[in-house]
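Quick look at final36.pdb (PDB, C-alpha atoms):
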ATOM      1  CA  MET A   1     -11.458   7.934  18.122
ATOM      2  CA  ARG A   2      -8.662   5.773  19.418
ATOM      3  CA  VAL A   3      -7.688   2.740  17.396
ATOM      4  CA  THR A   4      -8.814  -0.444  19.131
ATOM      5  CA  ARG A   5      -6.209  -3.190  19.046
ATOM      6  CA  THR A   6      -7.408  -6.763  19.350
ATOM      7  CA  GLY A   7      -4.034  -8.428  19.638
ATOM      8  CA  SER A   8      -0.307  -7.781  19.950
ATOM      9  CA  ALA A   9       1.277 -10.769  18.232
ATOM     10  CA  GLY A  10       4.023 -10.103  15.691
ATOM     11  CA  VAL A  11       3.219 -10.173  12.007
ATOM     12  CA  ARG A  12       2.794 -13.745  10.831
ATOM     13  CA  ALA A  13       5.001 -14.738   7.920
ATOM     14  CA  SER A  14       3.221 -15.635   4.694
ATOM     15  CA  ALA A  15       4.778 -18.159   2.339
ATOM     16  CA  LEU A  16       3.930 -16.480  -0.952
ATOM     17  CA  LEU A  17       3.431 -12.965  -2.208
ATOM     18  CA  GLY A  18      -0.282 -12.358  -2.653
ATOM     19  CA  LEU A  19       0.053 -10.911  -6.117
ATOM     20  CA  ALA A  20      -2.034 -13.543  -7.872
ATOM     21  CA  LEU A  21      -4.463 -12.396 -10.510
ATOM     22  CA  VAL A  22      -8.115 -13.272 -10.081
ATOM     23  CA  THR A  23      -7.690 -15.356 -13.233
ATOM     24  CA  GLY A  24      -5.149 -17.506 -11.405
ATOM     25  CA  CYS A  25      -1.975 -16.210 -13.079
ATOM     26  CA  THR A  26       1.027 -15.804 -10.815
ATOM     27  CA  ALA A  27       2.170 -12.275 -10.152
ATOM     28  CA  VAL A  28       5.835 -11.487 -10.493
ATOM     29  CA  GLY A  29       8.193  -8.720  -9.464
ATOM     30  CA  SER A  30      10.551  -6.858 -11.739
ATOM     31  CA  GLY A  31      13.022  -9.715 -11.488
ATOM     32  CA  GLY A  32      10.681 -12.130 -13.265
ATOM     33  CA  GLY A  33       9.663 -14.252 -10.287
ATOM     34  CA  LEU A  34       8.785 -14.422  -6.636
ATOM     35  CA  GLU A  35      11.506 -13.661  -4.154
ATOM     36  CA  PRO A  36      12.057 -15.878  -1.100
ATOM     37  CA  ALA A  37      11.098 -14.406   2.256
ATOM     38  CA  GLY A  38      13.728 -11.952   3.418
ATOM     39  CA  PRO A  39      14.244  -8.623   5.190
ATOM     40  CA  ARG A  40      11.099  -6.551   5.423
ATOM     41  CA  LEU A  41      12.902  -3.661   3.701
ATOM     42  CA  ARG A  42      14.301  -5.029   0.465
ATOM     43  CA  ALA A  43      17.156  -2.822  -0.768
ATOM     44  CA  GLN A  44      18.742  -2.461  -4.185
ATOM     45  CA  ALA A  45      22.513  -2.412  -4.632
ATOM     46  CA  GLU A  46      22.479   1.343  -5.348
ATOM     47  CA  PRO A  47      19.561   3.030  -3.555
ATOM     48  CA  SER A  48      18.481   6.383  -4.935
ATOM     49  CA  ARG A  49      18.974   9.584  -2.921
ATOM     50  CA  GLU A  50      16.929  11.603  -5.411
ATOM     51  CA  ALA A  51      14.244  13.816  -3.898
ATOM     52  CA  VAL A  52      11.398  14.175  -6.391
ATOM     53  CA  SER A  53       9.522  17.484  -6.324
ATOM     54  CA  THR A  54       5.743  17.695  -6.233
ATOM     55  CA  GLY A  55       5.859  18.968  -9.806
ATOM     56  CA  GLY A  56       7.846  15.905 -10.843
ATOM     57  CA  LEU A  57       5.170  13.457  -9.681
ATOM     58  CA  ALA A  58       3.269  13.601 -12.974
ATOM     59  CA  ALA A  59       6.078  11.813 -14.814
ATOM     60  CA  LEU A  60       6.015   8.969 -12.261
ATOM     61  CA  THR A  61       2.225   8.577 -12.139
ATOM     62  CA  LEU A  62       0.500   5.773 -14.045
ATOM     63  CA  ALA A  63      -1.422   6.873 -17.145
ATOM     64  CA  GLN A  64      -3.782   5.207 -19.582
ATOM     65  CA  GLY A  65      -1.774   2.774 -21.723
ATOM     66  CA  ASP A  66       0.862   2.071 -19.061
ATOM     67  CA  VAL A  67      -0.833  -1.115 -17.793
ATOM     68  CA  ALA A  68      -1.669  -3.637 -20.512
ATOM     69  CA  GLY A  69      -5.280  -4.816 -20.448
ATOM     70  CA  HIS A  70      -6.272  -2.320 -17.758
ATOM     71  CA  THR A  71      -7.967   1.060 -17.641
ATOM     72  CA  VAL A  72      -6.170   3.786 -15.685
ATOM     73  CA  ARG A  73      -8.226   6.745 -14.467
ATOM     74  CA  GLU A  74      -8.302   9.381 -11.783
ATOM     75  CA  PRO A  75     -10.473   8.432  -8.810
ATOM     76  CA  ALA A  76     -13.958   9.878  -8.540
ATOM     77  CA  PRO A  77     -14.481  12.497  -5.803
ATOM     78  CA  ASP A  78     -16.091   9.931  -3.476
ATOM     79  CA  GLU A  79     -13.109   7.587  -3.974
ATOM     80  CA  ARG A  80     -10.528  10.101  -2.753
ATOM     81  CA  VAL A  81      -9.290   9.808   0.828
ATOM     82  CA  GLU A  82      -7.173  12.219   2.857
ATOM     83  CA  GLN A  83      -5.572  11.599   6.232
ATOM     84  CA  ARG A  84      -8.123  13.940   7.809
ATOM     85  CA  ASP A  85     -10.889  11.524   6.730
ATOM     86  CA  VAL A  86      -9.395   8.739   8.876
ATOM     87  CA  GLU A  87      -9.922   8.724  12.645
ATOM     88  CA  ALA A  88      -7.045   6.736  14.065
ATOM     89  CA  ASP A  89      -4.225   7.203  16.510
ATOM     90  CA  GLY A  90      -1.732   5.191  18.471
ATOM     91  CA  PRO A  91       0.559   2.538  16.990
ATOM     92  CA  CYS A  92      -1.870   1.518  14.207
ATOM     93  CA  ARG A  93      -2.320   4.992  12.691
ATOM     94  CA  ALA A  94       0.121   4.715   9.769
ATOM     95  CA  LEU A  95      -1.336   1.399   8.601
ATOM     96  CA  ALA A  96      -4.899   2.698   9.019
ATOM     97  CA  HIS A  97      -4.072   5.656   6.756
ATOM     98  CA  VAL A  98      -2.673   3.370   4.050
ATOM     99  CA  LEU A  99      -5.552   0.874   4.210
ATOM    100  CA  ALA A 100      -8.037   3.730   3.920
ATOM    101  CA  GLY A 101      -6.298   5.027   0.787
ATOM    102  CA  ALA A 102      -4.164   7.858   2.171
ATOM    103  CA  ALA A 103      -0.393   8.192   2.491
ATOM    104  CA  ALA A 104       1.607   7.628   5.650
ATOM    105  CA  GLY A 105       3.758  10.377   7.136
ATOM    106  CA  ASP A 106       3.626  13.954   5.876
ATOM    107  CA  PRO A 107       4.235  14.003   2.100
ATOM    108  CA  SER A 108       4.557  17.278   0.213
ATOM    109  CA  GLY A 109       2.374  16.093  -2.658
ATOM    110  CA  ALA A 110       0.523  13.077  -4.043
ATOM    111  CA  THR A 111      -1.349  11.771  -7.081
ATOM    112  CA  ALA A 112      -3.989   9.031  -7.129
ATOM    113  CA  ARG A 113      -5.094   6.554  -9.784
ATOM    114  CA  ARG A 114      -7.571   3.678 -10.062
ATOM    115  CA  VAL A 115      -6.514   0.751 -12.249
ATOM    116  CA  VAL A 116      -9.359  -1.506 -13.389
ATOM    117  CA  GLY A 117      -9.032  -4.823 -15.221
ATOM    118  CA  SER A 118      -8.633  -8.592 -14.801
ATOM    119  CA  GLY A 119     -11.608  -8.552 -12.442
ATOM    120  CA  THR A 120      -9.860  -6.219  -9.988
ATOM    121  CA  ALA A 121      -9.872  -2.547  -9.042
ATOM    122  CA  THR A 122      -6.515  -1.423  -7.685
ATOM    123  CA  SER A 123      -5.762   1.908  -6.024
ATOM    124  CA  VAL A 124      -2.348   3.481  -6.601
ATOM    125  CA  LEU A 125      -1.363   6.508  -4.526
ATOM    126  CA  LEU A 126       2.003   8.062  -5.364
ATOM    127  CA  ALA A 127       3.418  10.430  -2.740
ATOM    128  CA  THR A 128       6.668  12.358  -2.544
ATOM    129  CA  HIS A 129       8.648  14.081   0.190
ATOM    130  CA  GLU A 130      10.504  16.906  -1.534
ATOM    131  CA  GLY A 131      13.452  19.009  -0.470
ATOM    132  CA  GLN A 132      16.453  18.297   1.711
ATOM    133  CA  GLY A 133      15.698  15.344   3.937
ATOM    134  CA  GLY A 134      12.997  14.073   1.584
ATOM    135  CA  VAL A 135      14.525  10.613   1.226
ATOM    136  CA  ASP A 136      14.877  10.282   5.004
ATOM    137  CA  ALA A 137      11.239  11.346   5.441
ATOM    138  CA  ALA A 138      10.104   8.729   2.915
ATOM    139  CA  GLN A 139      12.125   6.048   4.704
ATOM    140  CA  ALA A 140      10.507   7.092   7.988
ATOM    141  CA  SER A 141       7.036   6.727   6.436
ATOM    142  CA  VAL A 142       7.784   3.166   5.317
ATOM    143  CA  ALA A 143       9.215   2.378   8.760
ATOM    144  CA  ALA A 144       6.051   3.698  10.436
ATOM    145  CA  VAL A 145       3.871   1.361   8.358
ATOM    146  CA  ASN A 146       6.171  -1.548   9.209
ATOM    147  CA  ARG A 147       5.946  -0.823  12.936
ATOM    148  CA  ALA A 148       2.164  -0.558  12.731
ATOM    149  CA  ALA A 149       1.930  -3.898  10.927
ATOM    150  CA  ASP A 150       4.034  -5.567  13.621
ATOM    151  CA  GLU A 151       2.277  -4.008  16.601
ATOM    152  CA  CYS A 152      -1.259  -4.326  15.213
ATOM    153  CA  ALA A 153      -0.986  -7.766  13.577
ATOM    154  CA  GLY A 154      -3.706  -9.202  15.811
ATOM    155  CA  GLY A 155      -6.293  -6.725  14.554
ATOM    156  CA  PHE A 156      -7.530  -3.185  15.163
ATOM    157  CA  ALA A 157     -10.338  -0.818  14.217
ATOM    158  CA  TYR A 158     -10.405   2.666  12.721
ATOM    159  CA  ARG A 159     -13.063   4.998  11.360
ATOM    160  CA  LEU A 160     -13.306   6.251   7.781
ATOM    161  CA  GLY A 161     -15.944   8.944   7.615
ATOM    162  CA  ASP A 162     -18.979   7.573   9.444
ATOM    163  CA  ARG A 163     -18.000   3.914   8.945
ATOM    164  CA  GLU A 164     -15.973   1.772  11.306
ATOM    165  CA  GLN A 165     -13.434  -0.454   9.589
ATOM    166  CA  ARG A 166     -12.381  -3.554  11.521
ATOM    167  CA  ILE A 167      -9.134  -5.331  10.645
ATOM    168  CA  THR A 168      -8.925  -8.829  12.128
ATOM    169  CA  GLU A 169      -5.416  -9.867  11.024
ATOM    170  CA  VAL A 170      -2.321  -8.484   9.293
ATOM    171  CA  THR A 171       0.208 -10.844   7.684
ATOM    172  CA  ARG A 172       3.503  -9.966   6.067
ATOM    173  CA  GLU A 173       4.026 -11.187   2.490
ATOM    174  CA  VAL A 174       7.022 -11.370   0.176
ATOM    175  CA  ALA A 175       7.709  -8.016  -1.479
ATOM    176  CA  PRO A 176       8.524  -7.562  -5.184
ATOM    177  CA  ARG A 177      12.010  -6.541  -6.289
ATOM    178  CA  GLY A 178      12.962  -3.384  -8.155
ATOM    179  CA  ALA A 179      12.624  -0.553  -5.618
ATOM    180  CA  ASP A 180      14.914   0.899  -2.953
ATOM    181  CA  GLN A 181      12.465  -0.459  -0.373
ATOM    182  CA  ALA A 182       9.422  -2.676  -0.802
ATOM    183  CA  VAL A 183       7.000  -4.187   1.694
ATOM    184  CA  ALA A 184       3.815  -6.204   1.226
ATOM    185  CA  PHE A 185       0.989  -7.131   3.587
ATOM    186  CA  GLY A 186      -2.187  -9.158   3.486
ATOM    187  CA  VAL A 187      -5.095  -8.157   5.720
ATOM    188  CA  ARG A 188      -8.312  -9.806   6.805
ATOM    189  CA  MET A 189     -11.193  -7.503   7.633
ATOM    190  CA  GLU A 190     -14.908  -7.222   8.216
ATOM    191  CA  LYS A 191     -16.999  -4.868   6.089
ATOM    192  CA  SER A 192     -20.561  -4.512   7.361
ATOM    193  CA  GLY A 193     -20.188  -7.896   9.027
ATOM    194  CA  THR A 194     -18.952  -9.608   5.844
ATOM    195  CA  PRO A 195     -15.430 -11.125   5.772
ATOM    196  CA  ALA A 196     -13.123  -9.503   3.224
ATOM    197  CA  ARG A 197      -9.451  -9.388   2.361
ATOM    198  CA  GLY A 198      -7.037  -6.742   1.230
ATOM    199  CA  ARG A 199      -3.477  -6.506   0.007
ATOM    200  CA  VAL A 200      -1.069  -3.612   0.358
ATOM    201  CA  ILE A 201       2.275  -3.037  -1.366
ATOM    202  CA  LEU A 202       4.629  -0.119  -0.706
ATOM    203  CA  LEU A 203       7.366   0.686  -3.229
ATOM    204  CA  ARG A 204       9.864   3.417  -2.320
ATOM    205  CA  LYS A 205      12.296   4.951  -4.802
ATOM    206  CA  GLY A 206      14.263   7.881  -3.432
ATOM    207  CA  SER A 207      11.788  10.256  -1.804
ATOM    208  CA  SER A 208       8.732   8.814  -3.600
ATOM    209  CA  ILE A 209       6.450   6.045  -2.319
ATOM    210  CA  ALA A 210       3.827   4.150  -4.318
ATOM    211  CA  TYR A 211       1.024   2.791  -2.114
ATOM    212  CA  ILE A 212      -0.774   0.019  -4.032
ATOM    213  CA  THR A 213      -3.901  -1.482  -2.458
ATOM    214  CA  ALA A 214      -6.655  -3.882  -3.502
ATOM    215  CA  LEU A 215      -9.714  -5.222  -1.686
ATOM    216  CA  GLY A 216     -11.660  -8.385  -2.449
ATOM    217  CA  THR A 217     -13.861 -11.111  -1.063
ATOM    218  CA  ASP A 218     -12.829 -13.452   1.711
ATOM    219  CA  ARG A 219     -11.683 -15.942  -0.940
ATOM    220  CA  SER A 220      -9.549 -13.648  -3.064
ATOM    221  CA  ALA A 221      -7.993 -10.206  -3.199
ATOM    222  CA  ALA A 222      -5.234  -9.485  -5.641
ATOM    223  CA  VAL A 223      -2.905  -6.821  -6.974
ATOM    224  CA  PRO A 224      -2.229  -7.636 -10.644
ATOM    225  CA  ALA A 225       1.446  -8.094 -11.469
ATOM    226  CA  GLU A 226       1.041  -5.734 -14.433
ATOM    227  CA  VAL A 227       0.170  -2.870 -12.085
ATOM    228  CA  VAL A 228       3.220  -3.443  -9.880
ATOM    229  CA  GLU A 229       5.592  -3.770 -12.815
ATOM    230  CA  ALA A 230       4.208  -0.690 -14.576
ATOM    231  CA  GLN A 231       4.708   1.409 -11.443
ATOM    232  CA  LEU A 232       8.232   0.046 -10.957
ATOM    233  CA  VAL A 233       9.062   1.078 -14.529
ATOM    234  CA  LYS A 234       7.793   4.594 -13.820
ATOM    235  CA  LEU A 235       9.865   4.830 -10.648
ATOM    236  CA  SER A 236      13.070   3.507 -12.220
TER     237      SER A 236
END
Represent the structure from my file as structure tokens, please.
Amino acid sequence: MRVTRTGSAGVRASALLGLALVTGCTAVGSGGGLEPAGPRLRAQAEPSREAVSTGGLAALTLAQGDVAGHTVREPAPDERVEQRDVEADGPCRALAHVLAGAAAGDPSGATARRVVGSGTATSVLLATHEGQGGVDAAQASVAAVNRAADECAGGFAYRLGDREQRITEVTREVAPRGADQAVAFGVRMEKSGTPARGRVILLRKGSSIAYITALGTDRSAAVPAEVVEAQLVKLS
């Protein structure tokens, strides 16, 4: 199935990072507050060139007790998504993979966790590109998602299993600090004809990328700040 694009406008800027808890608390990055809008790839002063092996992913993966007030567990079999489960091609493919719950690019290994609490269920997929060139491959994966968000901002459709997923809008949001690269997006979608929202955050450190996603109703969808900060601590 080819991805159907419903518009070609550039990503619309969003004034605030959509990391608000369902309870109304403001989400923060590792720097203790929201950053003003800036470059889509937010860089640290000393980016890491470390290539993490597949075996080293366990130490970077969230575990029970890492996120205060939340339960961390492995996803159930029917919650796991691989790239092969997503029918998408063209310029929107990388973003379709991430929204479905898979990694972008061609990682050498990945771990998945579900973080439940504060009225939200957040998916965290941690992928690594090991070996020589691993950092460059991770950077290319982030760049592919960025291009897809720009080119498919007006909406597109993809298929996950036997279900069509229709995205009606993609907006860029302010990314948290603390990683070599970080990007954040808000999406509007239709699920079985019902309006819904989602939020996506990518955090890259060296050759590893954390893909953090949350889905919610049309009125709210949130990634708890505690989840982002806990993953940043693991990556640091």
* Using the chain letters and residue numbers of this document, give as a PyMOL selection string the residues selected by the PyMOL selection byres ((chain A and resi 73-80) around 7). => chain A and resi 64+71-72+81-82+112-115
* To do: Evaluate the PyMOL selection byres ((chain A and resi 199) around 9) on the structure here and hand back the selected residues as a ChimeraX atom specification.
  => /A:18-19,99,184-188,197-198,200-201,212-216,221-223
* Asked: For A:Val124, which residue out of A:Thr61, A:Gln139, A:Ser236, A:Ser53 is the nearest one, using only C-alpha atoms?
  ->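 Once distances to A:Val124 are computed over only C-alpha atoms, the minimum belongs to A:Thr61.
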* Could you write out as a PyMOL selection string the residues that the PyMOL selection byres ((chain A and resi 227-233) around 8) matches in the shown file? -> chain A and resi 29-30+60-62+66-67+115+178-179+203+210+212+223-226+234-236
Emit the selected residues as a PDB file, in the frame of the given file, including C-alpha atoms.
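Heads up, here's the output in selection-v8.pdb:
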ATOM      1  CA  GLY A  29       8.193  -8.720  -9.464  1.00  0.00           C
ATOM      2  CA  SER A  30      10.551  -6.858 -11.739  1.00  0.00           C
ATOM      3  CA  LEU A  60       6.015   8.969 -12.261  1.00  0.00           C
ATOM      4  CA  THR A  61       2.225   8.577 -12.139  1.00  0.00           C
ATOM      5  CA  LEU A  62       0.500   5.773 -14.045  1.00  0.00           C
ATOM      6  CA  ASP A  66       0.862   2.071 -19.061  1.00  0.00           C
ATOM      7  CA  VAL A  67      -0.833  -1.115 -17.793  1.00  0.00           C
ATOM      8  CA  VAL A 115      -6.514   0.751 -12.249  1.00  0.00           C
ATOM      9  CA  GLY A 178      12.962  -3.384  -8.155  1.00  0.00           C
ATOM     10  CA  ALA A 179      12.624  -0.553  -5.618  1.00  0.00           C
ATOM     11  CA  LEU A 203       7.366   0.686  -3.229  1.00  0.00           C
ATOM     12  CA  ALA A 210       3.827   4.150  -4.318  1.00  0.00           C
ATOM     13  CA  ILE A 212      -0.774   0.019  -4.032  1.00  0.00           C
ATOM     14  CA  VAL A 223      -2.905  -6.821  -6.974  1.00  0.00           C
ATOM     15  CA  PRO A 224      -2.229  -7.636 -10.644  1.00  0.00           C
ATOM     16  CA  ALA A 225       1.446  -8.094 -11.469  1.00  0.00           C
ATOM     17  CA  GLU A 226       1.041  -5.734 -14.433  1.00  0.00           C
ATOM     18  CA  LYS A 234       7.793   4.594 -13.820  1.00  0.00           C
ATOM     19  CA  LEU A 235       9.865   4.830 -10.648  1.00  0.00           C
ATOM     20  CA  SER A 236      13.070   3.507 -12.220  1.00  0.00           C
TER      21      SER A 236
END
* To do: Find the distance between atom CA of A:Gly90 and atom CA of A:Met189 and write it in Å to one decimal.
  =>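 Atom CA of A:Met189 lies 19.2 Å from atom CA of A:Gly90.
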* Structure fact -> atom CA of A:Ala157 sits from atom CA of A:Ala94 at a separation of 12.6 Å
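You will find atom CA of A:Asp136 at 8.8 Å from atom CA of A:Gly206.
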Can you take the partial stretch 155-175 of chain A, add N, CA and C atoms, and return it as a CSV table (one decimal), in the coordinates of the input?
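Listing of rebuild02.csv after writing:
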chain,number,residue,atom,x,y,z
A,155,GLY,N,-5.0,-7.4,14.9
A,155,GLY,CA,-6.3,-6.7,14.6
A,155,GLY,C,-6.5,-5.4,15.2
A,156,PHE,N,-7.2,-4.5,14.6
A,156,PHE,CA,-7.5,-3.2,15.2
A,156,PHE,C,-8.7,-2.6,14.4
A,157,ALA,N,-9.2,-1.5,14.9
A,157,ALA,CA,-10.3,-0.8,14.2
A,157,ALA,C,-10.0,0.7,14.0
A,158,TYR,N,-10.5,1.2,12.9
A,158,TYR,CA,-10.4,2.7,12.7
A,158,TYR,C,-11.7,3.1,12.1
A,159,ARG,N,-11.8,4.4,12.0
A,159,ARG,CA,-13.1,5.0,11.4
A,159,ARG,C,-12.7,5.8,10.1
A,160,LEU,N,-13.4,5.5,9.0
A,160,LEU,CA,-13.3,6.3,7.8
A,160,LEU,C,-14.6,6.9,7.5
A,161,GLY,N,-14.7,8.2,7.7
A,161,GLY,CA,-15.9,8.9,7.6
A,161,GLY,C,-16.8,8.5,8.7
A,162,ASP,N,-18.1,8.0,8.4
A,162,ASP,CA,-19.0,7.6,9.4
A,162,ASP,C,-19.0,6.1,9.6
A,163,ARG,N,-18.0,5.4,8.9
A,163,ARG,CA,-18.0,3.9,8.9
A,163,ARG,C,-16.8,3.4,9.7
A,164,GLU,N,-17.1,2.4,10.6
A,164,GLU,CA,-16.0,1.8,11.3
A,164,GLU,C,-15.4,0.6,10.4
A,165,GLN,N,-14.1,0.6,10.3
A,165,GLN,CA,-13.4,-0.5,9.6
A,165,GLN,C,-12.7,-1.3,10.6
A,166,ARG,N,-13.0,-2.6,10.6
A,166,ARG,CA,-12.4,-3.6,11.5
A,166,ARG,C,-11.4,-4.5,10.8
A,167,ILE,N,-10.2,-4.4,11.2
A,167,ILE,CA,-9.1,-5.3,10.6
A,167,ILE,C,-9.0,-6.5,11.7
A,168,THR,N,-9.0,-7.7,11.2
A,168,THR,CA,-8.9,-8.8,12.1
A,168,THR,C,-7.5,-9.5,12.1
A,169,GLU,N,-6.7,-9.3,11.1
A,169,GLU,CA,-5.4,-9.9,11.0
A,169,GLU,C,-4.6,-9.2,10.0
A,170,VAL,N,-3.3,-9.0,10.3
A,170,VAL,CA,-2.3,-8.5,9.3
A,170,VAL,C,-1.2,-9.5,9.2
A,171,THR,N,-0.9,-9.9,7.9
A,171,THR,CA,0.2,-10.8,7.7
A,171,THR,C,1.2,-10.2,6.7
A,172,ARG,N,2.5,-10.5,7.0
A,172,ARG,CA,3.5,-10.0,6.1
A,172,ARG,C,3.7,-10.9,4.9
A,173,GLU,N,3.8,-10.4,3.7
A,173,GLU,CA,4.0,-11.2,2.5
A,173,GLU,C,5.3,-10.8,1.8
A,174,VAL,N,5.8,-11.6,0.9
A,174,VAL,CA,7.0,-11.4,0.2
A,174,VAL,C,6.9,-10.2,-0.8
A,175,ALA,N,7.8,-9.2,-0.7
A,175,ALA,CA,7.7,-8.0,-1.5
A,175,ALA,C,8.4,-8.2,-2.8
